[in-house]
Amino acid sequence: MRFHVLGIGPIGSLIAFHLRRTLPQSTPVTLVVKSKSRARMIRAADGIAIETGGTSVVQKGFEVEIFEPLEEIVQDLVQGNTILPFTSSKPKRVGELAPTKENMDNLNRPIDSLIVCTKAQTTTGIFKRLKRRFTPQSTIVLLQNGMGVYEQLVTDVFRNPLERPQFVIATTTHAARAKSHGDIFHTIHIGHGELVFGVVPDPLNKRDFERSKDDPSVLIHERTLSLDDIAPSSQNPTSHRYGTLRATVAALSGMVQLNPVWETFSDLQIRLRKKLVINAIVNPITALIGTSNGSLYGNEFVRHIIKALCDEACAIFAKEYAGTLNWVPNLSPTPEKDEDDSNSRYSDSNDTPISEYSIPRGLHSEELQREVSRVIQRTSLNYSSMLVDTWKGRETEVEYLNGHLRRMGRQYGIPTPTNDLLYNLIKFKEVAVPAVRF
Ligand SMILES: CC(C)(CO)C(=O)C(=O)O
């Protein structure tokens, strides 16, 4: 069985580094990079370096696949350049690489397990192109900021549950950044946190991956999730319908230096919502103002925005929670409303005041506000990913952060004026031409 990691930014590098250290050398780990120049950079760096507390460790032993190899090959043929070999240490002429059956086989080979660390906004497009490489035996781990990618993938790409791969959804509170602009495979692990993940329930309902958590023969506080509920252990994970899922959950759980936590899918929903709120506050404010995360700390004006957005989010979550049994994603389409629609038109159908809904633990506005402050403090030296995206003139993740909250607000009849203002400002910033100072 082979693991692929897609999206080798700071978090992708951290994951790939620890995955390689956790798995036996006989299990290949392939980094999927978007261009030949990235592949060349990995080669120049001779692996992935992670720096913690001033000490760098380099992890070698990766294979590299270029995401759009055919384009690269054509370009190389035209330019007569060399191209990086996937595994050998000696550069080859493109002519040696392009036509070999082995290389073409690599690119057509089914993917057993893929950990996705790309930005949410690029994911569906990538999957549309990679789709043919997935089977129902494959496993996909989504480790990204924001919410809504899984729902988008099952709506737009993997519509048929019979053909759908297994999904794991993950979130992390680790903070990392590239050492320098030109040295993207040297990552500084600046904030230690957790890697939390949960398995999406079997779309075919054939297996309960969390069966042991409900085992009445065991005392409640002694019940734990068990890999055996996913699939029996076997020498060859690809021989069982859920074998790669088991192996992937085992690999994630084995990355002990990242403090992995395997949670029930229902508990994971709380974490995802907390992180959504953190990112829907810290990312747009820092991107709009151009400051590090830490500069938000203790500022009274920022505090008003944090409170207002947490109040909005808490009201949405309370309403959402009341309408579901166990947080399993509701895949019914969310109504899209016109930009100038007033929130007041989406009234609560039964007019129950929000204060009477029970708020899921951890998602009270005050708890969310405290969590935002903690993250701001813990990542104070960080430039948020959205600020970096705006510096680079890239589309941001706002659609999966504030955009997601905005759609939920409309779905549940909760006005979200503070969130919408941040959303609209970021959307404007993505296209606005900055004034030139004179
Ligand atoms: C937690 C935070 C805000 C750290 O920078 C982050 O996740 C991001 O930048 O996207």
# chains A, B, ... in the order shown; residues from 1 in each chain; ligands from 1
$ residues_near_ligand --ligand "ligand 1" --cutoff "7 Å" --atoms "only C-alpha atoms and all ligand atoms" --output "MDAnalysis selection string"
chainID A and resid 145 173 175 278:279 282:283 293 375 379 382:386
$ residues_around --residues "A:Gly9" --least-positions-apart "2" --cutoff "10 Å" --atoms "only C-alpha atoms" --output "ChimeraX atom specification"
/A:6-7,11-15,33,117-119,176-178,184-187
$ select_by_dssp --residues "stretch 179-387 of chain A" --states "helix (DSSP H, G or I)" --output "PyMOL selection string"
chain A and resi 211-214+220-222+227-229+237-239+243-254+256-258+265-289+293-296+300-322+343-345+354-356+365-378+385-387
$ atom_distance --atom1 "atom CA of A:Leu225" --atom2 "atom CA of A:Arg273"
21.9 Å
$ closest_residue --among "A:Val256, A:Val200, A:Arg271, A:Thr418" --to "A:Lys307" --atoms "only C-alpha atoms"
A:Thr418
$ residues_around --residues "A:Gln59" --least-positions-apart "4" --cutoff "9 Å" --atoms "only C-alpha atoms" --output "CSV table (one decimal) with N, CA, C and O atoms, in the first residue's frame"
chain,number,residue,atom,x,y,z
A,17,PHE,N,6.4,14.6,6.6
A,17,PHE,CA,7.6,14.4,7.5
A,17,PHE,C,7.3,13.3,8.5
A,17,PHE,O,8.0,12.3,8.6
A,18,HIS,N,6.2,13.5,9.3
A,18,HIS,CA,5.8,12.6,10.4
A,18,HIS,C,5.3,11.3,9.8
A,18,HIS,O,5.5,10.2,10.4
A,20,ARG,N,6.3,9.8,7.0
A,20,ARG,CA,7.4,9.0,6.6
A,20,ARG,C,8.2,8.4,7.8
A,20,ARG,O,8.6,7.3,7.7
A,21,ARG,N,8.2,9.2,8.9
A,21,ARG,CA,8.9,8.6,10.1
A,21,ARG,C,8.1,7.5,10.7
A,21,ARG,O,8.7,6.7,11.4
A,46,ASP,N,16.7,17.8,-0.8
A,46,ASP,CA,17.0,16.4,-0.4
A,46,ASP,C,16.1,15.9,0.7
A,46,ASP,O,16.5,15.3,1.7
A,47,GLY,N,14.8,16.2,0.5
A,47,GLY,CA,13.8,15.7,1.5
A,47,GLY,C,13.1,16.9,2.1
A,47,GLY,O,13.1,18.0,1.6
A,48,ILE,N,12.4,16.7,3.2
A,48,ILE,CA,11.7,17.7,3.9
A,48,ILE,C,12.3,18.0,5.3
A,48,ILE,O,12.6,17.1,6.0
A,49,ALA,N,12.6,19.3,5.5
A,49,ALA,CA,13.3,19.6,6.8
A,49,ALA,C,12.2,20.3,7.7
A,49,ALA,O,11.5,21.1,7.3
A,50,ILE,N,12.2,19.8,8.9
A,50,ILE,CA,11.3,20.5,9.9
A,50,ILE,C,12.2,21.0,11.1
A,50,ILE,O,13.0,20.3,11.6
$ decode --residues "stretch 127-273 of chain A" --atoms "C-alpha atoms" --output "CSV table (one decimal), in the first residue's frame"
chain,number,residue,atom,x,y,z
A,127,PHE,CA,-10.3,15.9,-7.6
A,128,LYS,CA,-12.2,16.3,-10.9
A,129,ARG,CA,-8.9,15.6,-12.6
A,130,LEU,CA,-7.7,12.8,-10.2
A,131,LYS,CA,-11.1,11.1,-9.9
A,132,ARG,CA,-10.3,8.1,-12.2
A,133,ARG,CA,-7.5,7.1,-9.8
A,134,PHE,CA,-9.9,6.5,-6.8
A,135,THR,CA,-11.9,3.3,-6.1
A,136,PRO,CA,-14.3,2.5,-3.3
A,137,GLN,CA,-11.2,0.9,-1.6
A,138,SER,CA,-9.3,4.2,-1.6
A,139,THR,CA,-9.2,6.5,1.4
A,140,ILE,CA,-9.1,10.3,1.3
A,141,VAL,CA,-8.1,12.4,4.3
A,142,LEU,CA,-9.2,16.1,4.1
A,143,LEU,CA,-7.0,18.2,6.3
A,144,GLN,CA,-7.8,21.8,5.5
A,145,ASN,CA,-9.1,25.0,6.9
A,146,GLY,CA,-12.8,25.6,6.5
A,147,MET,CA,-15.8,23.5,6.1
A,148,GLY,CA,-17.9,22.3,3.1
A,149,VAL,CA,-15.2,20.6,1.0
A,150,TYR,CA,-16.5,17.1,1.8
A,151,GLU,CA,-20.1,18.1,1.0
A,152,GLN,CA,-18.9,19.6,-2.3
A,153,LEU,CA,-16.9,16.5,-3.2
A,154,VAL,CA,-19.8,14.1,-2.7
A,155,THR,CA,-22.1,16.4,-4.5
A,156,ASP,CA,-19.9,17.3,-7.5
A,157,VAL,CA,-17.3,14.5,-7.8
A,158,PHE,CA,-18.1,11.3,-6.0
A,159,ARG,CA,-21.9,11.4,-6.3
A,160,ASN,CA,-22.5,7.6,-6.4
A,161,PRO,CA,-22.1,6.1,-2.8
A,162,LEU,CA,-21.3,2.7,-4.4
A,163,GLU,CA,-18.2,4.1,-6.1
A,164,ARG,CA,-17.2,6.6,-3.4
A,165,PRO,CA,-13.9,6.3,-1.6
A,166,GLN,CA,-13.8,6.3,2.2
A,167,PHE,CA,-13.3,9.7,3.8
A,168,VAL,CA,-11.5,10.9,6.9
A,169,ILE,CA,-11.9,14.5,8.0
A,170,ALA,CA,-9.1,16.1,10.0
A,171,THR,CA,-8.3,19.4,11.6
A,172,THR,CA,-5.1,20.6,13.3
A,173,THR,CA,-4.1,23.2,15.8
A,174,HIS,CA,-0.4,22.8,14.9
A,175,ALA,CA,1.0,26.0,13.4
A,176,ALA,CA,3.8,25.9,10.8
A,177,ARG,CA,5.4,28.2,8.3
A,178,ALA,CA,7.9,28.0,5.6
A,179,LYS,CA,11.4,29.0,6.8
A,180,SER,CA,11.7,31.5,3.9
A,181,HIS,CA,10.0,32.3,0.7
A,182,GLY,CA,12.5,30.4,-1.5
A,183,ASP,CA,12.9,27.5,0.9
A,184,ILE,CA,9.4,26.0,1.0
A,185,PHE,CA,10.5,22.5,2.0
A,186,HIS,CA,12.2,23.9,5.2
A,187,THR,CA,9.3,24.3,7.6
A,188,ILE,CA,9.3,25.8,11.0
A,189,HIS,CA,7.0,24.1,13.4
A,190,ILE,CA,6.1,27.2,15.4
A,191,GLY,CA,3.2,26.0,17.5
A,192,HIS,CA,2.5,22.5,18.9
A,193,GLY,CA,-1.1,21.4,18.9
A,194,GLU,CA,-3.1,18.4,18.0
A,195,LEU,CA,-4.1,16.5,14.9
A,196,VAL,CA,-7.7,15.5,15.3
A,197,PHE,CA,-9.6,13.4,12.9
A,198,GLY,CA,-12.8,11.3,12.5
A,199,VAL,CA,-14.0,8.8,10.0
A,200,VAL,CA,-17.0,9.7,7.8
A,201,PRO,CA,-19.7,7.0,8.4
A,202,ASP,CA,-19.8,4.3,5.7
A,203,PRO,CA,-22.0,5.6,2.9
A,204,LEU,CA,-23.3,2.1,2.3
A,205,ASN,CA,-24.1,1.6,6.0
A,206,LYS,CA,-22.4,-1.8,5.9
A,207,ARG,CA,-20.1,-1.1,8.7
A,208,ASP,CA,-20.2,0.9,11.9
A,209,PHE,CA,-16.6,2.2,12.2
A,210,GLU,CA,-17.3,3.4,15.8
A,211,ARG,CA,-19.1,0.3,17.1
A,212,SER,CA,-16.9,-0.2,20.1
A,213,LYS,CA,-17.9,3.3,21.4
A,214,ASP,CA,-21.4,2.0,21.9
A,215,ASP,CA,-20.5,-1.4,23.2
A,216,PRO,CA,-22.9,-1.9,26.2
A,217,SER,CA,-20.7,-4.7,27.6
A,218,VAL,CA,-17.9,-2.1,28.4
A,219,LEU,CA,-18.2,0.7,31.0
A,220,ILE,CA,-18.9,4.0,29.2
A,221,HIS,CA,-15.7,5.8,30.2
A,222,GLU,CA,-13.7,2.7,29.2
A,223,ARG,CA,-15.1,2.6,25.6
A,224,THR,CA,-12.6,3.5,22.9
A,225,LEU,CA,-12.6,3.5,19.1
A,226,SER,CA,-11.1,0.4,17.6
A,227,LEU,CA,-9.3,-0.2,14.3
A,228,ASP,CA,-10.9,-3.6,14.3
A,229,ASP,CA,-14.3,-2.0,13.8
A,230,ILE,CA,-13.0,-0.6,10.5
A,231,ALA,CA,-11.4,-3.8,9.1
A,232,PRO,CA,-9.5,-6.8,10.4
A,233,SER,CA,-5.7,-6.3,10.5
A,234,SER,CA,-4.1,-7.9,7.5
A,235,GLN,CA,-0.8,-8.1,5.8
A,236,ASN,CA,-2.2,-6.5,2.7
A,237,PRO,CA,-4.6,-3.6,3.4
A,238,THR,CA,-5.7,-3.4,-0.2
A,239,SER,CA,-7.2,-6.9,0.0
A,240,HIS,CA,-10.1,-5.7,2.2
A,241,ARG,CA,-12.9,-3.3,1.3
A,242,TYR,CA,-11.9,-1.0,4.2
A,243,GLY,CA,-8.3,-2.0,4.5
A,244,THR,CA,-6.8,1.3,3.4
A,245,LEU,CA,-9.1,3.1,5.7
A,246,ARG,CA,-7.8,1.0,8.6
A,247,ALA,CA,-4.2,1.6,7.5
A,248,THR,CA,-4.7,5.3,7.2
A,249,VAL,CA,-6.3,5.7,10.6
A,250,ALA,CA,-3.5,3.6,12.0
A,251,ALA,CA,-0.9,5.8,10.3
A,252,LEU,CA,-2.5,9.0,11.5
A,253,SER,CA,-2.8,7.6,15.0
A,254,GLY,CA,0.9,6.6,14.8
A,255,MET,CA,2.2,10.1,14.3
A,256,VAL,CA,2.6,10.6,18.0
A,257,GLN,CA,4.7,13.7,17.8
A,258,LEU,CA,1.7,15.5,16.3
A,259,ASN,CA,-0.6,14.5,19.2
A,260,PRO,CA,-3.1,12.6,17.1
A,261,VAL,CA,-6.7,12.3,18.4
A,262,TRP,CA,-9.1,9.9,16.7
A,263,GLU,CA,-12.6,11.1,17.7
A,264,THR,CA,-16.1,10.0,16.9
A,265,PHE,CA,-17.4,11.8,13.8
A,266,SER,CA,-20.0,13.5,16.0
A,267,ASP,CA,-17.3,14.9,18.5
A,268,LEU,CA,-15.2,16.0,15.5
A,269,GLN,CA,-18.1,18.3,14.4
A,270,ILE,CA,-17.5,20.4,17.5
A,271,ARG,CA,-13.8,20.8,16.7
A,272,LEU,CA,-14.5,21.6,13.1
A,273,ARG,CA,-16.9,24.4,14.1
